[in-house]
Amino acid sequence: MDLLTVWSYVLVRIPAKTRLQLRWRGPYRVVEVLADNFYKLRDVIQDFDVVEHREDLWVTECCNDEEALDYAQSDTSELTILEVQSHSGKAEQLLTVMIECLCKGGEKLVKFAFRACKHVGVVKDYVNSIPESKPLTASVHYGDLRKRKNTRKLTHSLRGYK
């Protein structure tokens with residue numbers, strides 16, 4: 001990896017937790033080189049400073065702040081769910097549930113696994129509005145997870161007494 005120059009523009013990688021989340025944020029302007037691999041960056045849009053490692057940066061072709069703002073507004077890879085049309089699969093089996101959604105900028109329905117989009121507000125509202133989707137509410141799924149964690153803690157603490 002080569003060193004970045006001051007006043008160049010970069011994107012910063014976001015650790016993705018879901019398929020719907022953006023992979024990069026920015027652009028940022030390089031303000032200062034702190035070390036070989038650390039850079040102080042200024043957010044062009046919100047006007048605040050961050051420090052990031054070179055491994056998480058992607059160089060853009062922007063030459064000034066105006067181009068960087070235009071670049072930030074031209075993000076076309078983001079999917080925004082506007083409306084949930086339907087779902088398929090058994091609500092009792094989380095892995096089988098698929099949600100068909102209408103997304104911004106497209107006329108075709110897009111299918112998502114429920115696990116990938118269950119925290120999106122439109123999907124939550126859809127699930128809460130349909131009585132037969134009651135098993136898809138978070139309390140049902142996270143209740144089993146809590147029981148498993150408590151059981152694991154109990155069995156782990158008993159190992160020392162054998």
# chains A, B, ... in the order shown; residues from 1 in each chain; ligands from 1

$ residues_around --residues "stretch 88-104 of chain A" --least-positions-apart "2" --cutoff "8 Å" --atoms "only C-alpha atoms" --output "PyMOL selection string"
chain A and resi 79-86+106-115+132-136

$ select_by_dssp --residues "stretch 22-128 of chain A" --states "strand (DSSP E)" --output "compact mmCIF listing (two decimals) with C-alpha atoms, in the first residue's frame"
# COMPACT_ATOMS: atom_id res chain seq x y z
CA TRP A 24 -18.09 2.56 2.43
CA ARG A 25 -18.77 6.00 3.86
CA GLY A 26 -17.40 9.32 2.83
CA PRO A 27 -15.69 10.85 0.99
CA TYR A 28 -13.16 12.20 3.46
CA ARG A 29 -10.30 14.60 2.79
CA VAL A 30 -6.86 13.58 4.12
CA VAL A 31 -5.80 16.35 6.51
CA GLU A 32 -2.67 14.95 8.12
CA VAL A 33 -0.40 11.90 7.99
CA PHE A 38 -2.70 6.23 10.19
CA TYR A 39 -4.36 9.30 8.75
CA LYS A 40 -6.39 12.16 10.15
CA LEU A 41 -9.40 12.67 7.89
CA ARG A 42 -11.99 15.46 7.62
CA ASP A 43 -15.56 14.53 6.70
CA ASP A 49 -12.28 14.77 12.01
CA VAL A 50 -11.59 11.04 12.35
CA VAL A 51 -8.44 8.91 12.47
CA GLU A 52 -8.37 5.77 10.32
CA HIS A 53 -5.91 3.05 9.33
CA LEU A 57 -9.29 3.50 3.09
CA TRP A 58 -10.13 3.57 -0.62
CA VAL A 59 -8.77 6.40 -2.79
CA ILE A 81 -36.74 -0.56 1.14
CA LEU A 82 -39.83 1.51 0.44
CA GLU A 83 -42.54 -1.08 0.96
CA VAL A 84 -42.92 -4.76 1.81
CA GLN A 85 -45.19 -6.53 -0.69
CA SER A 86 -45.34 -10.06 0.71
CA HIS A 87 -43.46 -12.82 2.46
CA SER A 88 -43.01 -16.55 1.98
CA MET A 98 -38.18 -14.49 2.53
CA ILE A 99 -39.47 -10.92 2.32
CA GLU A 100 -40.41 -9.42 -1.09
CA CYS A 101 -39.79 -5.68 -1.08
CA LEU A 102 -40.14 -2.73 -3.41
CA CYS A 103 -36.88 -0.77 -3.31
CA LEU A 109 -39.53 -6.82 -6.40
CA VAL A 110 -36.38 -7.78 -4.51
CA LYS A 111 -36.27 -10.82 -2.22
CA PHE A 112 -34.37 -10.64 1.05
CA ALA A 113 -33.90 -13.26 3.74

$ atom_distance --atom1 "atom CA of A:Tyr9" --atom2 "atom CA of A:Glu61"
7.2 Å

$ select_by_dssp --residues "stretch 36-136 of chain A" --states "helix (DSSP H, G or I)" --output "mmCIF file with N, CA and C atoms, in the first residue's frame"
data_model
loop_
_atom_site.group_PDB
_atom_site.id
_atom_site.type_symbol
_atom_site.label_atom_id
_atom_site.label_comp_id
_atom_site.auth_asym_id
_atom_site.auth_seq_id
_atom_site.Cartn_x
_atom_site.Cartn_y
_atom_site.Cartn_z
ATOM 1 N N ARG A 54 -4.811 2.904 7.180
ATOM 2 C CA ARG A 54 -4.705 2.876 5.703
ATOM 3 C C ARG A 54 -5.430 1.673 5.104
ATOM 4 N N GLU A 55 -5.461 0.578 5.823
ATOM 5 C CA GLU A 55 -6.099 -0.649 5.344
ATOM 6 C C GLU A 55 -7.600 -0.460 5.087
ATOM 7 N N ASP A 56 -8.218 0.488 5.798
ATOM 8 C CA ASP A 56 -9.657 0.718 5.685
ATOM 9 C C ASP A 56 -10.004 1.874 4.751
ATOM 10 N N ASP A 65 -13.614 19.771 -2.873
ATOM 11 C CA ASP A 65 -14.759 19.488 -2.008
ATOM 12 C C ASP A 65 -16.067 19.399 -2.793
ATOM 13 N N GLU A 66 -16.227 20.212 -3.830
ATOM 14 C CA GLU A 66 -17.457 20.169 -4.623
ATOM 15 C C GLU A 66 -17.618 18.825 -5.323
ATOM 16 N N GLU A 67 -16.532 18.331 -5.904
ATOM 17 C CA GLU A 67 -16.584 17.012 -6.545
ATOM 18 C C GLU A 67 -16.854 15.918 -5.518
ATOM 19 N N ALA A 68 -16.287 16.063 -4.322
ATOM 20 C CA ALA A 68 -16.512 15.073 -3.264
ATOM 21 C C ALA A 68 -17.979 15.058 -2.840
ATOM 22 N N LEU A 69 -18.602 16.238 -2.744
ATOM 23 C CA LEU A 69 -20.020 16.304 -2.395
ATOM 24 C C LEU A 69 -20.880 15.682 -3.489
ATOM 25 N N ASP A 70 -20.559 15.942 -4.744
ATOM 26 C CA ASP A 70 -21.291 15.324 -5.850
ATOM 27 C C ASP A 70 -21.125 13.812 -5.822
ATOM 28 N N TYR A 71 -19.912 13.358 -5.525
ATOM 29 C CA TYR A 71 -19.629 11.923 -5.443
ATOM 30 C C TYR A 71 -20.456 11.272 -4.330
ATOM 31 N N ALA A 72 -20.565 11.948 -3.193
ATOM 32 C CA ALA A 72 -21.325 11.405 -2.060
ATOM 33 C C ALA A 72 -22.810 11.311 -2.387
ATOM 34 N N GLN A 73 -23.318 12.233 -3.175
ATOM 35 C CA GLN A 73 -24.737 12.227 -3.513
ATOM 36 C C GLN A 73 -25.077 11.284 -4.652
ATOM 37 N N LEU A 94 -37.267 -19.578 10.952
ATOM 38 C CA LEU A 94 -36.715 -18.290 10.547
ATOM 39 C C LEU A 94 -35.916 -18.369 9.246
ATOM 40 N N LEU A 95 -35.179 -19.452 9.036
ATOM 41 C CA LEU A 95 -34.330 -19.563 7.850
ATOM 42 C C LEU A 95 -35.112 -19.664 6.553
ATOM 43 N N THR A 96 -36.385 -20.031 6.604
ATOM 44 C CA THR A 96 -37.171 -20.196 5.385
ATOM 45 C C THR A 96 -37.927 -18.936 4.990
ATOM 46 N N PHE A 114 -35.274 -12.879 5.702
ATOM 47 C CA PHE A 114 -35.771 -12.104 6.840
ATOM 48 C C PHE A 114 -34.648 -11.774 7.818
ATOM 49 N N ARG A 115 -33.719 -12.691 8.009
ATOM 50 C CA ARG A 115 -32.619 -12.452 8.948
ATOM 51 C C ARG A 115 -31.772 -11.263 8.534
ATOM 52 N N ALA A 116 -31.698 -10.977 7.215
ATOM 53 C CA ALA A 116 -30.854 -9.898 6.727
ATOM 54 C C ALA A 116 -31.516 -8.530 6.862
ATOM 55 N N CYS A 117 -32.847 -8.491 7.000
ATOM 56 C CA CYS A 117 -33.516 -7.184 7.008
ATOM 57 C C CYS A 117 -34.529 -7.033 8.134
ATOM 58 N N GLY A 121 -37.041 -0.676 9.614
ATOM 59 C CA GLY A 121 -38.311 -0.199 10.163
ATOM 60 C C GLY A 121 -39.528 -0.624 9.375
ATOM 61 N N VAL A 122 -39.464 -0.574 8.044
ATOM 62 C CA VAL A 122 -40.606 -0.949 7.201
ATOM 63 C C VAL A 122 -40.929 -2.432 7.375
ATOM 64 N N VAL A 123 -39.902 -3.254 7.494
ATOM 65 C CA VAL A 123 -40.101 -4.699 7.676
ATOM 66 C C VAL A 123 -40.694 -4.979 9.053
ATOM 67 N N LYS A 124 -40.219 -4.287 10.080
ATOM 68 C CA LYS A 124 -40.780 -4.456 11.431
ATOM 69 C C LYS A 124 -42.269 -4.126 11.443
ATOM 70 N N ASP A 125 -42.633 -3.010 10.790
ATOM 71 C CA ASP A 125 -44.041 -2.616 10.739
ATOM 72 C C ASP A 125 -44.886 -3.657 10.015
ATOM 73 N N TYR A 126 -44.349 -4.216 8.938
ATOM 74 C CA TYR A 126 -45.061 -5.242 8.178
ATOM 75 C C TYR A 126 -45.297 -6.485 9.040
ATOM 76 N N VAL A 127 -44.253 -6.924 9.731
ATOM 77 C CA VAL A 127 -44.357 -8.115 10.575
ATOM 78 C C VAL A 127 -45.351 -7.888 11.706
ATOM 79 N N ASN A 128 -45.336 -6.721 12.307
ATOM 80 C CA ASN A 128 -46.265 -6.425 13.401
ATOM 81 C C ASN A 128 -47.706 -6.293 12.926
ATOM 82 N N SER A 129 -47.919 -5.951 11.657
ATOM 83 C CA SER A 129 -49.282 -5.761 11.147
ATOM 84 C C SER A 129 -49.963 -7.067 10.742
ATOM 85 N N PRO A 131 -51.024 -10.837 11.779
ATOM 86 C CA PRO A 131 -51.131 -11.692 12.973
ATOM 87 C C PRO A 131 -50.405 -13.039 12.848
ATOM 88 N N GLU A 132 -50.408 -13.647 11.645
ATOM 89 C CA GLU A 132 -49.770 -14.963 11.517
ATOM 90 C C GLU A 132 -48.243 -14.894 11.533
ATOM 91 N N SER A 133 -47.677 -13.683 11.489
ATOM 92 C CA SER A 133 -46.220 -13.554 11.553
ATOM 93 C C SER A 133 -45.725 -13.297 12.973
ATOM 94 N N LYS A 134 -46.540 -13.564 13.960
ATOM 95 C CA LYS A 134 -46.186 -13.358 15.364
ATOM 96 C C LYS A 134 -44.873 -14.060 15.750
ATOM 97 N N PRO A 135 -44.613 -15.283 15.241
ATOM 98 C CA PRO A 135 -43.333 -15.920 15.602
ATOM 99 C C PRO A 135 -42.094 -15.186 15.100
ATOM 100 N N LEU A 136 -42.246 -14.249 14.173
ATOM 101 C CA LEU A 136 -41.094 -13.524 13.656
ATOM 102 C C LEU A 136 -40.658 -12.363 14.541
#

$ atom_distance --atom1 "atom CA of A:Leu3" --atom2 "atom CA of A:Ala16"
25.4 Å

$ closest_residue --among "A:Val44, A:Asp36, A:Lys118, A:Lys17" --to "A:Thr5" --atoms "only C-alpha atoms"
A:Asp36

$ closest_residue --among "A:Gln46, A:His119, A:Leu4, A:Val10" --to "A:Asn64" --atoms "only C-alpha atoms"
A:Val10
